[in-house]
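Here is the file protein-v7.json (JSON, C-alpha atoms).
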[["chain", "number", "residue", "atom", "x", "y", "z"],
["A", 1, "MET", "CA", 96.36, 131.20, 48.19],
["A", 2, "HIS", "CA", 92.98, 130.60, 46.62],
["A", 3, "PHE", "CA", 91.14, 133.22, 44.49],
["A", 4, "PRO", "CA", 87.82, 131.91, 43.11],
["A", 5, "LYS", "CA", 87.31, 133.02, 39.50],
["A", 6, "GLU", "CA", 83.61, 133.87, 39.98],
["A", 7, "LEU", "CA", 84.38, 136.61, 42.53],
["A", 8, "LYS", "CA", 85.49, 140.21, 42.09],
["A", 9, "TYR", "CA", 88.25, 141.71, 44.26],
["A", 10, "THR", "CA", 89.52, 145.06, 45.56],
["A", 11, "LYS", "CA", 92.97, 146.52, 46.10],
["A", 12, "THR", "CA", 92.21, 146.47, 49.86],
["A", 13, "HIS", "CA", 91.55, 142.69, 49.82],
["A", 14, "GLU", "CA", 87.78, 142.38, 49.94],
["A", 15, "TRP", "CA", 85.80, 140.04, 47.71],
["A", 16, "VAL", "CA", 82.38, 140.48, 46.09],
["A", 17, "ARG", "CA", 80.08, 137.63, 45.00],
["A", 18, "PHE", "CA", 77.26, 139.00, 42.87],
["A", 19, "THR", "CA", 73.91, 137.20, 43.07],
["A", 20, "ASP", "CA", 72.50, 139.52, 40.39],
["A", 21, "GLU", "CA", 73.46, 142.90, 38.89],
["A", 22, "ASN", "CA", 72.56, 144.87, 42.02],
["A", 23, "THR", "CA", 73.03, 142.42, 44.92],
["A", 24, "ALA", "CA", 76.18, 140.81, 46.30],
["A", 25, "TYR", "CA", 77.83, 139.18, 49.29],
["A", 26, "ILE", "CA", 80.99, 140.86, 50.61],
["A", 27, "GLY", "CA", 83.87, 139.41, 52.63],
["A", 28, "ILE", "CA", 87.65, 139.46, 53.01],
["A", 29, "THR", "CA", 90.02, 137.45, 50.84],
["A", 30, "ASP", "CA", 92.15, 134.47, 51.70],
["A", 31, "TYR", "CA", 95.19, 136.76, 51.41],
["A", 32, "ALA", "CA", 93.67, 139.25, 53.89],
["A", 33, "GLN", "CA", 92.87, 136.65, 56.53],
["A", 34, "ASP", "CA", 96.35, 135.14, 56.11],
["A", 35, "GLN", "CA", 98.03, 138.53, 56.62],
["A", 36, "LEU", "CA", 95.84, 139.37, 59.63],
["A", 37, "GLY", "CA", 96.42, 136.08, 61.45],
["A", 38, "ASP", "CA", 93.91, 134.50, 63.82],
["A", 39, "LEU", "CA", 90.75, 136.60, 63.80],
["A", 40, "VAL", "CA", 89.10, 136.93, 67.20],
["A", 41, "PHE", "CA", 86.41, 139.62, 66.74],
["A", 42, "VAL", "CA", 84.38, 141.29, 64.00],
["A", 43, "ASN", "CA", 82.38, 144.51, 64.24],
["A", 44, "LEU", "CA", 79.67, 144.49, 61.57],
["A", 45, "PRO", "CA", 77.24, 147.16, 60.36],
["A", 46, "ALA", "CA", 73.46, 146.91, 60.79],
["A", 47, "PRO", "CA", 70.89, 146.11, 58.13],
["A", 48, "GLY", "CA", 69.87, 149.33, 56.41],
["A", 49, "ASP", "CA", 73.31, 150.94, 56.82],
["A", 50, "ALA", "CA", 74.72, 152.64, 53.74],
["A", 51, "LEU", "CA", 77.92, 151.38, 52.13],
["A", 52, "THR", "CA", 80.19, 153.75, 50.23],
["A", 53, "ALA", "CA", 82.85, 152.25, 47.98],
["A", 54, "GLY", "CA", 86.31, 152.73, 49.48],
["A", 55, "GLU", "CA", 85.06, 153.63, 52.98],
["A", 56, "SER", "CA", 85.23, 151.45, 56.08],
["A", 57, "PHE", "CA", 82.04, 149.55, 56.91],
["A", 58, "ALA", "CA", 83.35, 146.99, 59.42],
["A", 59, "ASP", "CA", 86.46, 146.09, 61.34],
["A", 60, "VAL", "CA", 88.16, 142.88, 62.34],
["A", 61, "GLU", "CA", 90.41, 142.22, 65.29],
["A", 62, "SER", "CA", 93.15, 139.65, 65.10],
["A", 63, "VAL", "CA", 95.83, 138.60, 67.53],
["A", 64, "LYS", "CA", 98.04, 141.09, 65.64],
["A", 65, "ALA", "CA", 95.90, 144.23, 65.18],
["A", 66, "VAL", "CA", 92.53, 145.82, 64.45],
["A", 67, "SER", "CA", 91.92, 146.45, 60.75],
["A", 68, "ASP", "CA", 89.20, 148.24, 58.83],
["A", 69, "VAL", "CA", 87.21, 146.42, 56.16],
["A", 70, "ASN", "CA", 86.40, 148.74, 53.27],
["A", 71, "ALA", "CA", 83.24, 148.61, 51.20],
["A", 72, "PRO", "CA", 84.13, 147.38, 47.72],
["A", 73, "VAL", "CA", 80.90, 148.89, 46.32],
["A", 74, "THR", "CA", 78.28, 151.51, 47.14],
["A", 75, "GLY", "CA", 74.92, 150.17, 48.27],
["A", 76, "THR", "CA", 72.80, 149.28, 51.29],
["A", 77, "VAL", "CA", 73.31, 146.49, 53.83],
["A", 78, "GLU", "CA", 70.39, 144.06, 53.44],
["A", 79, "GLU", "CA", 71.64, 141.29, 55.70],
["A", 80, "VAL", "CA", 74.50, 140.76, 58.16],
["A", 81, "ASN", "CA", 76.22, 137.42, 58.83],
["A", 82, "GLU", "CA", 75.52, 137.23, 62.57],
["A", 83, "GLU", "CA", 77.31, 133.87, 62.70],
["A", 84, "LEU", "CA", 80.67, 135.70, 62.52],
["A", 85, "ALA", "CA", 79.99, 137.50, 65.80],
["A", 86, "ASP", "CA", 79.99, 134.16, 67.63],
["A", 87, "ALA", "CA", 82.58, 132.44, 65.44],
["A", 88, "PRO", "CA", 85.06, 134.96, 63.94],
["A", 89, "GLU", "CA", 87.48, 132.10, 63.28],
["A", 90, "LYS", "CA", 85.27, 131.15, 60.30],
["A", 91, "MET", "CA", 86.97, 134.03, 58.44],
["A", 92, "ASN", "CA", 90.27, 132.15, 58.77],
["A", 93, "GLU", "CA", 88.84, 128.69, 58.13],
["A", 94, "SER", "CA", 86.82, 129.50, 55.02],
["A", 95, "PRO", "CA", 87.15, 133.16, 53.94],
["A", 96, "TYR", "CA", 84.96, 132.81, 50.85],
["A", 97, "ASP", "CA", 82.06, 131.30, 52.83],
["A", 98, "ALA", "CA", 82.39, 133.73, 55.76],
["A", 99, "TRP", "CA", 80.63, 136.69, 54.16],
["A", 100, "PHE", "CA", 80.16, 139.88, 56.18],
["A", 101, "VAL", "CA", 77.11, 141.46, 54.53],
["A", 102, "LEU", "CA", 74.66, 141.05, 51.70],
["A", 103, "ALA", "CA", 74.41, 144.41, 49.94],
["A", 104, "SER", "CA", 71.76, 145.65, 47.51],
["A", 105, "GLY", "CA", 71.32, 148.64, 45.23],
["A", 106, "ILE", "CA", 74.95, 148.27, 44.21],
["A", 107, "THR", "CA", 76.83, 150.89, 42.22],
["A", 108, "GLY", "CA", 80.49, 151.89, 42.13],
["A", 109, "THR", "CA", 81.89, 148.68, 40.68],
["A", 110, "ASP", "CA", 84.50, 150.32, 38.41],
["A", 111, "GLU", "CA", 87.44, 149.52, 40.69],
["A", 112, "LEU", "CA", 86.69, 145.80, 41.06],
["A", 113, "MET", "CA", 89.22, 143.32, 39.65],
["A", 114, "ASP", "CA", 88.80, 139.81, 38.35],
["A", 115, "ALA", "CA", 90.69, 136.95, 40.00],
["A", 116, "ASP", "CA", 93.62, 137.08, 37.57],
["A", 117, "ALA", "CA", 94.18, 140.82, 38.09],
["A", 118, "TYR", "CA", 93.92, 140.42, 41.87],
["A", 119, "GLU", "CA", 96.38, 137.52, 41.89],
["A", 120, "ALA", "CA", 98.82, 139.57, 39.78],
["A", 121, "MET", "CA", 98.49, 142.47, 42.23],
["A", 122, "ILE", "CA", 99.26, 140.16, 45.19],
["A", 123, "ALA", "CA", 102.28, 138.73, 43.35],
["A", 124, "SER", "CA", 103.63, 142.23, 42.67],
["A", 125, "GLU", "CA", 103.37, 143.14, 46.37],
["A", 126, "ALA", "CA", 105.32, 140.09, 47.52]]
In structure tokens, how does this file's structure come out?
Amino acid sequence: MHFPKELKYTKTHEWVRFTDENTAYIGITDYAQDQLGDLVFVNLPAPGDALTAGESFADVESVKAVSDVNAPVTGTVEEVNEELADAPEKMNESPYDAWFVLASGITGTDELMDADAYEAMIASEA
């Protein structure tokens, strides 16, 4: 498993890549895509939609199941990665490049973990 040090992580296996204090890309971790299996569909929000930390903002469908993707932060969807709609397998191939949304006006970052804490959490679940 790969957990880039520059990202922040959640207990529900999303990652956050901040571009500045209030703006960030959001996706699912390498661990999440591995557990889900081959991803075949993603349902994304629309630009302008509100994100609330801890609440579902998208869902992914794999050959195994449909799973919610929770917002790691509170904010507003600025941009959606439309490429995933046509190529959901990118989430399996390169989970840290296959971002779901770009969010702005971010708050609610208290629960985010650094890479070391996230890796320790994964190890304790195994």
Quiz prompt | Of the listed residues A:Thr12, A:Asn81, A:Gln35, A:Ser94, that which approaches Met113 of chain A most closely, counting all atoms listed in the file | solution =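 Ranking A:Thr12, A:Asn81, A:Gln35, A:Ser94 by distance to Met113 of chain A, first place goes to A:Thr12.
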Exercise. Measure the distance from atom CA of Ala85 of chain A to atom CA of Ala65 of chain A in Å and round it to one decimal.
Key: 17.3 Å
Quiz item: Restricting the calculation to all atoms listed in the file, which member of A:Asp116, A:Glu21, A:Glu61, A:Glu79 is positioned closest to Asp49 of chain A?
Solution: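 When distances to Asp49 of chain A are compared using all atoms listed in the file, the smallest one comes from A:Glu79.
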For Val40 of chain A, work out the shell of residues within 7 Å, counting only C-alpha atoms and skipping chain neighbours fewer than 3 positions away, then give it as a tab-separated table (two decimals) with C-alpha atoms, in the frame of the given file.
chain	number	residue	atom	x	y	z
A	61	GLU	CA	90.41	142.22	65.29
A	62	SER	CA	93.15	139.65	65.10
A	63	VAL	CA	95.83	138.60	67.53
A	88	PRO	CA	85.06	134.96	63.94
A	89	GLU	CA	87.48	132.10	63.28
Quiz item: If you measure from atom CA of Ser104 of chain A to atom CA of Glu6 of chain A, what distance in Å do you get, rounded to one decimal?
Solution: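 Between atom CA of Ser104 of chain A and atom CA of Glu6 of chain A the gap is 18.3 Å.
Using all atoms listed in the file, the shortest contact distance between His13 of chain A and any of A:Asn92, A:Thr52, A:Ser67, A:Thr29 is found at A:Thr29.
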Quiz item: From the set A:Thr107, A:Thr19, A:Gln33, A:Ser56, which residue has the shortest atom-to-atom contact distance to Leu7 of chain A, counting only C-alpha atoms?
Solution: A:Thr19
Self-check item: Length of the atom CA of Pro45 of chain A to atom CA of Tyr96 of chain A vector [Å]
Solution: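 The value is 18.9 Å.
Across A:Leu39, A:Ala115, A:Ile122, A:Ala32, the tightest approach to Asp86 of chain A is made by A:Leu39 when counting all atoms listed in the file.
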